>>> print(open('data18.pdb').read())   # PDB, C-alpha atoms
ATOM      1  CA  MET A 869     -19.174  35.815 126.345
ATOM      2  CA  HIS A 870     -18.059  33.970 123.181
ATOM      3  CA  ASP A 871     -19.376  34.988 119.783
ATOM      4  CA  SER A 872     -20.955  32.102 117.873
ATOM      5  CA  TYR A 873     -20.101  31.331 114.255
ATOM      6  CA  VAL A 874     -21.846  28.837 112.007
ATOM      7  CA  CYS A 875     -20.025  26.881 109.320
ATOM      8  CA  LEU A 876     -21.216  27.860 105.839
ATOM      9  CA  LEU A 877     -19.927  24.649 104.247
ATOM     10  CA  CYS A 878     -22.242  22.200 105.982
ATOM     11  CA  VAL A 879     -25.627  22.007 107.623
ATOM     12  CA  SER A 880     -24.489  20.299 110.813
ATOM     13  CA  GLY A 881     -25.497  23.335 112.883
ATOM     14  CA  GLU A 882     -22.200  23.136 114.756
ATOM     15  CA  SER A 883     -21.297  26.401 116.447
ATOM     16  CA  LEU A 884     -17.740  27.652 116.184
ATOM     17  CA  PHE A 885     -16.221  29.932 118.820
ATOM     18  CA  ASP A 886     -13.360  32.331 118.938
ATOM     19  CA  VAL A 887     -12.343  35.157 121.252
ATOM     20  CA  ASN A 888     -10.180  38.217 120.781
ATOM     21  CA  THR A 889     -11.120  38.692 117.119
ATOM     22  CA  GLU A 890     -12.852  41.468 115.241
ATOM     23  CA  ALA A 891     -13.165  39.652 111.929
ATOM     24  CA  ASP A 892     -16.424  39.288 110.068
ATOM     25  CA  CYS A 893     -18.403  36.428 111.637
ATOM     26  CA  ASN A 894     -19.285  35.106 108.182
ATOM     27  CA  ASP A 895     -15.631  34.543 107.283
ATOM     28  CA  ILE A 896     -14.803  31.270 109.002
ATOM     29  CA  THR A 897     -11.306  31.220 107.532
ATOM     30  CA  GLU A 898     -10.205  34.021 109.870
ATOM     31  CA  HIS A 899     -10.650  32.075 113.093
ATOM     32  CA  PRO A 900      -8.382  29.351 114.510
ATOM     33  CA  ARG A 901     -11.040  26.872 115.562
ATOM     34  CA  PRO A 902     -13.257  27.424 112.497
ATOM     35  CA  TYR A 903     -10.122  26.741 110.434
ATOM     36  CA  TYR A 904      -9.936  23.231 111.910
ATOM     37  CA  HIS A 905     -13.599  22.693 111.116
ATOM     38  CA  LYS A 906     -13.186  23.926 107.552
ATOM     39  CA  ALA A 907     -10.346  21.457 107.065
ATOM     40  CA  ARG A 908     -12.941  18.681 107.226
ATOM     41  CA  HIS A 909     -14.481  20.031 104.023
ATOM     42  CA  THR A 910     -11.364  21.109 102.159
ATOM     43  CA  GLY A 911      -9.315  18.036 103.019
ATOM     44  CA  GLY A 912      -6.310  20.297 103.623
ATOM     45  CA  LYS A 913      -3.450  18.473 105.369
ATOM     46  CA  SER A 914      -0.564  20.882 105.680
ATOM     47  CA  TYR A 915       1.279  19.199 108.575
ATOM     48  CA  SER A 916       3.598  16.373 107.459
ATOM     49  CA  CYS A 917       5.426  13.797 109.547
ATOM     50  CA  THR A 918       9.153  13.963 108.860
ATOM     51  CA  GLN A 919       9.604  10.233 109.463
ATOM     52  CA  CYS A 920       6.848   8.654 107.385
ATOM     53  CA  GLU A 921       5.485  11.591 105.335
ATOM     54  CA  LYS A 922       1.951  11.014 106.594
ATOM     55  CA  ARG A 923      -0.074  14.245 106.556
ATOM     56  CA  PHE A 924      -2.446  15.808 109.081
ATOM     57  CA  LYS A 925      -4.883  18.690 109.228
ATOM     58  CA  THR A 926      -3.625  20.201 112.504
ATOM     59  CA  GLN A 927      -0.427  20.400 114.544
ATOM     60  CA  HIS A 928      -2.210  18.618 117.395
ATOM     61  CA  TYR A 929      -2.961  15.539 115.290
ATOM     62  CA  LEU A 930       0.649  15.514 114.098
ATOM     63  CA  ASN A 931       1.930  15.669 117.692
ATOM     64  CA  VAL A 932      -0.295  12.734 118.679
ATOM     65  CA  HIS A 933       0.881  10.763 115.643
ATOM     66  CA  MET A 934       4.562  11.271 116.551
ATOM     67  CA  ASN A 935       4.059   8.877 119.483
ATOM     68  CA  VAL A 936       3.967   6.103 116.861
ATOM     69  CA  HIS A 937       7.650   6.696 116.138
ATOM     70  CA  SER A 938       8.642   6.755 119.806
ATOM     71  CA  SER A 939       8.811   3.957 122.374
ATOM     72  CA  LYS A 940       6.399   5.700 124.759
ATOM     73  CA  TYR A 941       3.526   3.306 124.059
ATOM     74  CA  LYS A 942       5.223   0.200 122.709
ATOM     75  CA  CYS A 943       3.735  -3.300 122.563
ATOM     76  CA  THR A 944       5.944  -5.805 124.380
ATOM     77  CA  GLU A 945       4.690  -8.641 122.150
ATOM     78  CA  CYS A 946       5.408  -7.317 118.658
ATOM     79  CA  GLY A 947       7.153  -3.985 119.189
ATOM     80  CA  LYS A 948       4.420  -1.875 117.570
ATOM     81  CA  CYS A 949       4.272   1.730 118.811
ATOM     82  CA  CYS A 950       0.838   3.213 119.502
ATOM     83  CA  GLN A 951      -0.314   6.807 119.742
ATOM     84  CA  SER A 952      -1.790   6.490 123.254
ATOM     85  CA  ASN A 953      -2.086   4.110 126.178
ATOM     86  CA  HIS A 954      -5.721   3.456 125.235
ATOM     87  CA  GLU A 955      -4.688   2.470 121.721
ATOM     88  CA  LEU A 956      -2.010   0.196 123.192
ATOM     89  CA  ILE A 957      -4.626  -1.552 125.356
ATOM     90  CA  ILE A 958      -6.854  -2.072 122.325
ATOM     91  CA  HIS A 959      -3.896  -3.345 120.294
ATOM     92  CA  SER A 960      -2.907  -5.830 123.021
ATOM     93  CA  ARG A 961      -6.251  -7.573 122.492
ATOM     94  CA  SER A 962      -5.019  -8.695 119.068
ATOM     95  CA  HIS A 963      -2.466 -10.869 120.894
ATOM     96  CA  SER A 964      -4.678 -12.040 123.749
ATOM     97  CA  GLY A 965      -7.690 -12.644 121.503
ATOM     98  CA  GLU A 966      -9.918 -10.746 123.906
ATOM     99  CA  LYS A 967     -13.129  -9.533 122.205
ATOM    100  CA  PRO A 968     -15.597  -8.411 124.887
ATOM    101  CA  PHE A 969     -18.214  -6.879 122.551
ATOM    102  CA  GLU A 970     -20.655  -9.228 120.790
ATOM    103  CA  CYS A 971     -23.114  -8.560 117.966
ATOM    104  CA  THR A 972     -26.626  -9.614 118.983
ATOM    105  CA  VAL A 973     -27.542 -10.490 115.373
ATOM    106  CA  CYS A 974     -24.706 -12.740 114.197
ATOM    107  CA  CYS A 975     -22.762 -13.237 117.482
ATOM    108  CA  LYS A 976     -19.565 -11.894 115.920
ATOM    109  CA  ARG A 977     -17.254 -10.431 118.570
ATOM    110  CA  PHE A 978     -15.135  -7.271 118.551
ATOM    111  CA  ALA A 979     -12.285  -5.798 120.544
ATOM    112  CA  THR A 980     -13.864  -2.335 120.833
ATOM    113  CA  SER A 981     -17.372  -0.962 121.209
ATOM    114  CA  SER A 982     -16.843   1.390 118.253
ATOM    115  CA  ASN A 983     -16.064  -1.577 115.985
ATOM    116  CA  LEU A 984     -19.288  -3.226 117.145
ATOM    117  CA  VAL A 985     -21.300  -0.071 116.403
ATOM    118  CA  GLN A 986     -19.802   0.143 112.909
ATOM    119  CA  HIS A 987     -20.444  -3.570 112.306
ATOM    120  CA  SER A 988     -24.091  -3.308 113.418
ATOM    121  CA  ARG A 989     -24.770  -0.937 110.523
ATOM    122  CA  ILE A 990     -24.207  -3.881 108.150
ATOM    123  CA  HIS A 991     -27.334  -5.502 109.558
ATOM    124  CA  SER A 992     -29.394  -2.317 109.921
ATOM    125  CA  GLY A 993     -28.357  -0.821 106.586
ATOM    126  CA  GLU A 994     -27.889   2.526 108.330
ATOM    127  CA  LYS A 995     -25.708   4.983 106.384
ATOM    128  CA  LEU A 996     -25.250   8.336 108.084
ATOM    129  CA  TYR A 997     -22.517   9.902 105.971
ATOM    130  CA  LYS A 998     -23.394  11.374 102.570
ATOM    131  CA  CYS A 999     -21.114  12.720  99.869
ATOM    132  CA  HIS A1000     -22.249  16.231  98.877
ATOM    133  CA  LEU A1001     -20.848  15.789  95.349
ATOM    134  CA  CYS A1002     -22.451  12.523  94.210
ATOM    135  CA  ASP A1003     -24.960  11.753  97.022
ATOM    136  CA  LYS A1004     -23.340   8.381  97.727
ATOM    137  CA  VAL A1005     -23.843   7.338 101.349
ATOM    138  CA  PHE A1006     -21.613   5.457 103.797
ATOM    139  CA  SER A1007     -21.929   3.801 107.185
ATOM    140  CA  GLN A1008     -18.616   5.205 108.471
ATOM    141  CA  SER A1009     -17.084   8.681 108.337
ATOM    142  CA  SER A1010     -13.703   7.181 107.403
ATOM    143  CA  GLN A1011     -15.328   5.604 104.334
ATOM    144  CA  LEU A1012     -16.654   9.004 103.294
ATOM    145  CA  ASN A1013     -13.231  10.615 103.773
ATOM    146  CA  THR A1014     -11.623   7.954 101.619
ATOM    147  CA  HIS A1015     -14.391   8.255  99.023
ATOM    148  CA  MET A1016     -13.808  12.019  98.680
ATOM    149  CA  ARG A1017     -10.421  11.220  97.180
ATOM    150  CA  VAL A1018     -12.283   9.758  94.201
ATOM    151  CA  HIS A1019     -13.364  13.314  93.394
ATOM    152  CA  THR A1020     -10.068  15.007  94.303
ATOM    153  CA  GLY A1021      -7.832  12.335  92.759
ATOM    154  CA  ASP A1022      -5.623  12.402  95.847
ATOM    155  CA  LYS A1023      -3.585   9.212  96.416
ATOM    156  CA  PRO A1024      -1.207  10.005  99.287
ATOM    157  CA  TYR A1025      -0.138   6.421 100.052
ATOM    158  CA  LYS A1026       2.615   5.157  97.753
ATOM    159  CA  CYS A1027       4.060   1.637  97.597
ATOM    160  CA  SER A1028       7.837   1.708  98.087
ATOM    161  CA  LEU A1029       8.261  -1.451  96.006
ATOM    162  CA  CYS A1030       6.406  -0.629  92.794
ATOM    163  CA  ASP A1031       5.474   3.086  93.080
ATOM    164  CA  LYS A1032       1.747   2.307  92.821
ATOM    165  CA  SER A1033      -0.337   4.895  94.736
ATOM    166  CA  PHE A1034      -3.462   4.404  96.866
ATOM    167  CA  SER A1035      -6.126   6.614  98.393
ATOM    168  CA  ASP A1036      -5.985   4.957 101.838
ATOM    169  CA  SER A1037      -3.431   3.154 103.988
ATOM    170  CA  GLY A1038      -5.542  -0.003 104.204
ATOM    171  CA  SER A1039      -5.417  -0.491 100.435
ATOM    172  CA  LEU A1040      -1.652   0.040 100.497
ATOM    173  CA  GLN A1041      -1.118  -2.596 103.193
ATOM    174  CA  THR A1042      -3.407  -5.035 101.394
ATOM    175  CA  HIS A1043      -1.505  -4.413  98.155
ATOM    176  CA  LYS A1044       1.849  -5.145  99.799
ATOM    177  CA  ARG A1045       0.560  -8.284 101.462
ATOM    178  CA  HIS A1046      -1.133  -9.737  98.385
ATOM    179  CA  VAL A1047       1.248  -8.619  95.644
ATOM    180  CA  HIS A1048       4.728  -8.366  97.159
ATOM    181  CA  SER A1049       4.576 -11.022  99.883
ATOM    182  CA  ASN A1050       4.228 -14.790  99.626
ATOM    183  CA  ARG A1051       3.757 -15.291 103.373
ATOM    184  CA  ARG A1052       0.507 -17.105 104.240
ATOM    185  CA  PRO A1053       0.378 -17.549 108.024
ATOM    186  CA  TYR A1054      -3.340 -18.414 108.293
ATOM    187  CA  ASP A1055      -4.453 -21.976 107.513
ATOM    188  CA  CYS A1056      -7.937 -23.478 107.322
ATOM    189  CA  HIS A1057      -8.375 -26.349 109.794
ATOM    190  CA  TYR A1058     -11.007 -27.882 107.507
ATOM    191  CA  CYS A1059      -8.958 -28.250 104.312
ATOM    192  CA  GLY A1060      -5.497 -26.856 105.091
ATOM    193  CA  LYS A1061      -5.669 -24.012 102.547
ATOM    194  CA  LEU A1062      -3.365 -21.101 103.432
ATOM    195  CA  PHE A1063      -4.267 -17.391 103.477
ATOM    196  CA  LYS A1064      -2.418 -14.106 103.794
ATOM    197  CA  SER A1065      -4.928 -12.480 106.162
ATOM    198  CA  SER A1066      -7.272 -13.600 108.934
ATOM    199  CA  ARG A1067     -10.135 -11.835 107.134
ATOM    200  CA  ASN A1068      -9.702 -13.972 104.038
ATOM    201  CA  LEU A1069      -9.519 -17.086 106.199
ATOM    202  CA  LYS A1070     -12.779 -16.202 107.972
ATOM    203  CA  ARG A1071     -14.507 -15.623 104.641
ATOM    204  CA  HIS A1072     -13.216 -18.984 103.396
ATOM    205  CA  VAL A1073     -14.396 -20.908 106.477
ATOM    206  CA  TYR A1074     -17.985 -19.862 105.695
ATOM    207  CA  ILE A1075     -17.767 -22.203 102.682
ATOM    208  CA  HIS A1076     -17.268 -25.185 105.019
ATOM    209  CA  THR A1077     -19.749 -24.135 107.727
ATOM    210  CA  GLY A1078     -22.465 -22.979 105.329
ATOM    211  CA  THR A1079     -22.842 -19.730 107.263
ATOM    212  CA  LYS A1080     -24.969 -17.107 105.475
ATOM    213  CA  LEU A1081     -25.035 -13.850 107.429
ATOM    214  CA  TYR A1082     -26.591 -11.626 104.780
ATOM    215  CA  SER A1083     -30.326 -11.998 104.147
ATOM    216  CA  CYS A1084     -32.384 -10.278 101.470
ATOM    217  CA  ARG A1085     -35.144  -8.102 102.923
ATOM    218  CA  HIS A1086     -37.336  -8.683  99.868
ATOM    219  CA  CYS A1087     -37.224 -12.478  99.655
ATOM    220  CA  SER A1088     -36.029 -15.545 101.540
ATOM    221  CA  ASP A1089     -32.595 -15.722  99.904
ATOM    222  CA  SER A1090     -29.482 -15.407 102.066
ATOM    223  CA  PHE A1091     -25.807 -15.139 101.186
ATOM    224  CA  THR A1092     -22.374 -15.891 102.570
ATOM    225  CA  TRP A1093     -20.841 -12.555 101.543
ATOM    226  CA  HIS A1094     -22.104  -8.998 101.400
ATOM    227  CA  ASP A1095     -21.004  -8.589  97.764
ATOM    228  CA  GLN A1096     -23.291 -11.475  96.814
ATOM    229  CA  LEU A1097     -26.225  -9.741  98.518
ATOM    230  CA  LYS A1098     -25.512  -6.472  96.669
ATOM    231  CA  THR A1099     -25.412  -8.294  93.343
ATOM    232  CA  HIS A1100     -28.667 -10.104  94.160
ATOM    233  CA  LEU A1101     -30.444  -6.857  95.078
ATOM    234  CA  LEU A1102     -29.398  -5.309  91.774
ATOM    235  CA  LYS A1103     -30.298  -8.227  89.534
ATOM    236  CA  SER A1104     -33.432  -9.518  91.285
ATOM    237  CA  HIS A1105     -34.950  -6.427  92.902
ATOM    238  CA  ASN A1106     -33.429  -3.528  90.940
ATOM    239  CA  GLU A1107     -32.142  -2.009  94.187
ATOM    240  CA  GLY A1108     -28.819  -0.179  94.142
ATOM    241  CA  THR A1109     -26.630   1.359  91.473
ATOM    242  CA  TRP A1110     -24.940  -0.355  88.566
ATOM    243  CA  PHE A1111     -21.359   0.600  87.714
ATOM    244  CA  THR A1112     -21.250   1.273  83.965
ATOM    245  CA  CYS A1113     -18.193   1.300  81.723
ATOM    246  CA  HIS A1114     -18.017   4.653  79.906
ATOM    247  CA  ILE A1115     -16.370   2.991  76.910
ATOM    248  CA  CYS A1116     -18.558  -0.038  76.113
ATOM    249  CA  GLN A1117     -21.491   0.541  78.519
ATOM    250  CA  LYS A1118     -21.049  -2.870  80.132
ATOM    251  CA  LYS A1119     -22.517  -2.950  83.658
ATOM    252  CA  PHE A1120     -21.025  -4.329  86.863
ATOM    253  CA  SER A1121     -22.429  -4.789  90.343
ATOM    254  CA  GLN A1122     -19.073  -4.114  92.050
ATOM    255  CA  SER A1123     -16.885  -1.037  91.558
ATOM    256  CA  HIS A1124     -13.641  -3.051  91.639
ATOM    257  CA  ASP A1125     -14.904  -5.225  88.771
ATOM    258  CA  LEU A1126     -15.469  -2.076  86.710
ATOM    259  CA  LYS A1127     -11.964  -0.786  87.519
ATOM    260  CA  ASN A1128     -10.393  -4.063  86.382
ATOM    261  CA  HIS A1129     -12.524  -3.996  83.231
ATOM    262  CA  VAL A1130     -11.489  -0.437  82.309
ATOM    263  CA  LEU A1131      -7.817  -1.410  82.618
ATOM    264  CA  ARG A1132      -8.324  -3.850  79.754
ATOM    265  CA  HIS A1133      -9.676  -1.065  77.532
ATOM    266  CA  GLU A1134      -6.688   1.102  78.413
ATOM    267  CA  GLY A1135      -4.192  -1.747  78.022
ATOM    268  CA  VAL A1136      -2.686  -0.958  81.430
ATOM    269  CA  LYS A1137      -1.044  -3.864  83.263
ATOM    270  CA  PRO A1138       0.215  -2.410  86.575
ATOM    271  CA  TYR A1139       1.079  -5.710  88.278
ATOM    272  CA  LEU A1140       4.578  -6.882  87.335
ATOM    273  CA  CYS A1141       6.056 -10.318  88.040
ATOM    274  CA  CYS A1142       9.371 -10.008  89.891
ATOM    275  CA  GLU A1143      10.557 -13.350  88.455
ATOM    276  CA  CYS A1144       9.969 -12.714  84.751
ATOM    277  CA  VAL A1145       8.938  -9.957  82.348
ATOM    278  CA  ARG A1146       5.201 -10.679  82.335
ATOM    279  CA  SER A1147       2.674  -8.135  83.611
ATOM    280  CA  PHE A1148      -1.007  -8.441  84.533
ATOM    281  CA  TYR A1149      -4.189  -6.415  84.839
ATOM    282  CA  THR A1150      -5.101  -7.506  88.375
ATOM    283  CA  ALA A1151      -3.388  -8.702  91.546
ATOM    284  CA  GLY A1152      -5.369 -11.940  91.294
ATOM    285  CA  GLU A1153      -3.903 -12.691  87.863
ATOM    286  CA  LEU A1154      -0.404 -12.020  89.205
ATOM    287  CA  ARG A1155      -0.959 -14.349  92.191
ATOM    288  CA  HIS A1156      -2.251 -17.030  89.839
ATOM    289  CA  HIS A1157       0.863 -16.665  87.680
ATOM    290  CA  ALA A1158       3.328 -16.521  90.621
ATOM    291  CA  VAL A1159       2.537 -20.154  91.487
ATOM    292  CA  ILE A1160       4.467 -21.182  88.377
ATOM    293  CA  HIS A1161       7.692 -19.786  89.851
ATOM    294  CA  SER A1162       7.087 -20.994  93.421
ATOM    295  CA  GLY A1163       6.880 -24.670  92.503
ATOM    296  CA  VAL A1164       4.330 -25.212  95.305
ATOM    297  CA  LYS A1165       1.497 -27.616  94.518
ATOM    298  CA  HIS A1166      -1.487 -26.932  96.791
ATOM    299  CA  PHE A1167      -4.216 -28.754  94.845
ATOM    300  CA  CYS A1168      -4.638 -32.504  95.175
ATOM    301  CA  CYS A1169      -6.751 -34.930  93.136
ATOM    302  CA  GLY A1170      -9.093 -36.792  95.487
ATOM    303  CA  THR A1171      -9.051 -39.903  93.288
ATOM    304  CA  CYS A1172      -5.359 -40.581  92.616
ATOM    305  CA  GLY A1173      -3.616 -38.185  95.040
ATOM    306  CA  LYS A1174      -1.683 -36.316  92.358
ATOM    307  CA  TYR A1175      -0.835 -32.678  93.183
ATOM    308  CA  PHE A1176      -1.125 -29.629  90.933
ATOM    309  CA  ARG A1177       0.009 -26.014  91.120
ATOM    310  CA  GLN A1178      -3.295 -24.462  90.035
ATOM    311  CA  LYS A1179      -6.941 -25.213  90.686
ATOM    312  CA  TYR A1180      -7.794 -25.182  86.974
ATOM    313  CA  TYR A1181      -5.504 -28.136  86.252
ATOM    314  CA  VAL A1182      -6.657 -30.302  89.157
ATOM    315  CA  VAL A1183     -10.304 -29.771  88.148
ATOM    316  CA  LYS A1184      -9.509 -30.682  84.542
ATOM    317  CA  HIS A1185      -7.516 -33.738  85.673
ATOM    318  CA  PHE A1186     -10.171 -34.876  88.155
ATOM    319  CA  LYS A1187     -12.902 -34.996  85.515
ATOM    320  CA  ARG A1188     -10.850 -37.496  83.503
ATOM    321  CA  CYS A1189      -9.469 -39.364  86.492
ATOM    322  CA  SER A1190     -12.918 -39.966  87.993
ATOM    323  CA  ILE A1191     -14.179 -41.440  84.699
ATOM    324  CA  ARG A1192     -11.495 -44.150  84.712
ATOM    325  CA  PRO A1193     -10.590 -44.884  88.352
ATOM    326  CA  GLY A1194      -7.178 -46.368  88.834
ATOM    327  CA  TYR A1195      -5.751 -44.836  85.672
ATOM    328  CA  THR A1196      -3.181 -42.106  86.227
ATOM    329  CA  PHE A1197      -3.189 -39.323  83.664
ATOM    330  CA  PRO A1198      -0.115 -37.245  82.896
TER     331      PRO A1198
END
>>> encode(input="data18.pdb", output="structure tokens")
Amino acid sequence: MHDSYVCLLCVSGESLFDVNTEADCNDITEHPRPYYHKARHTGGKSYSCTQCEKRFKTQHYLNVHMNVHSSKYKCTECGKCCQSNHELIIHSRSHSGEKPFECTVCCKRFATSSNLVQHSRIHSGEKLYKCHLCDKVFSQSSQLNTHMRVHTGDKPYKCSLCDKSFSDSGSLQTHKRHVHSNRRPYDCHYCGKLFKSSRNLKRHVYIHTGTKLYSCRHCSDSFTWHDQLKTHLLKSHNEGTWFTCHICQKKFSQSHDLKNHVLRHEGVKPYLCCECVRSFYTAGELRHHAVIHSGVKHFCCGTCGKYFRQKYYVVKHFKRCSIRPGYTFP
């Protein structure tokens, strides 16, 4: 018969078992399986991959990860290596476009049932995962794990091009795509605008279709993006938490806006132009500047057909051009 041990670091009620031990049942650090459970709370990742330096909490997770660097489960379309056959099947849907799981609220489709479950929490507002340090809540356990690095200061993902560090791999990949790459493979069939990711394209298309998925539960207002709903709830219904600058006490509805604001107090400009010596506070400012070096003119005046590199200049030109049709301004 197994002896039962209860984790002292959480209130999940999960029982932990171990045999062939005479250690004190209150000391969960003495038992192999309780050690794995404790790792969830401590964040300890002592097993490192020798090929990509990614870290894991147990040897088992490291062994599973090593399949990524082998050709055991390799996609024949793009060459990506997956950790399991199941993951390879899921990945193959990105090429075939197969999305068998549909949201009953907004009809958005997903490749996996787990993605649908996570998405449904956007509509229900359900947040099951709570930070025990600041009481902030999340709809996904992965979001909580990433959030915990705010308290620990851990940033294990480092950009090989500029040495900037990130708390999660998704932020690192987004940084590389938006800052260090000019490739824009996704184009809008309404206006021809190009985007670096399918997510950004989908968000943009809502502008043309007028789709507003996010409705306020207090009034009749609805919004195209979730960030707009959060801002509305704060300003109109005093629901949510403001992000306050500790230097000037200015308030923001989005955490990333506060981060960009604080950089200006500190004078830190982490985004460097690879074509000249200029540096910028945000990736958006760098992208805006990079157009100068590219020579590409995406913005067209609807009156005279003249093209411009930046939106600001075409808007300024259009106001004058529409006043005196037929006259071409420099």
>>> residues_around(input="data18.pdb", residues="A:Lys1004", least_positions_apart="4", cutoff="10 Å", atoms="all atoms listed in the file", output="list in words")
Lys995, Tyr997, Lys998, Cys999, His1000, Leu1012, His1015 and Thr1109 of chain A
>>> residues_around(input="data18.pdb", residues="A:Arg1085", least_positions_apart="6", cutoff="12 Å", atoms="all atoms listed in the file", output="MDAnalysis selection string")
chainID A and resid 991:993 1091 1097:1098 1100:1101 1104:1105 1107
>>> atom_distance(input="data18.pdb", atom1="atom CA of A:Asn1013", atom2="atom CA of A:Ser960")
27.3 Å
>>> atom_distance(input="data18.pdb", atom1="atom CA of A:Phe978", atom2="atom CA of A:Tyr929")
26.1 Å
>>> closest_residue(input="data18.pdb", among="A:Leu1081, A:Gly1108, A:Tyr1139, A:Ser982", to="A:Lys1044", atoms="all atoms listed in the file")
A:Tyr1139
>>> atom_distance(input="data18.pdb", atom1="atom CA of A:His1114", atom2="atom CA of A:Arg1132")
12.9 Å
>>> resolve_selection(input="data18.pdb", expression="the PyMOL selection byres ((chain A and resi 957) around 12)", output="number ranges by chain")
A: 941-944, 948-956, 958-964, 966, 979-980
>>> closest_residue(input="data18.pdb", among="A:Ser1049, A:Gln986, A:Ser1033, A:Thr1042", to="A:Cys971", atoms="only C-alpha atoms")
A:Gln986
>>> resolve_selection(input="data18.pdb", expression="the PyMOL selection byres ((chain A and resi 916) around 12)", output="PyMOL selection string")
chain A and resi 912-915+917-931+933-934+1024
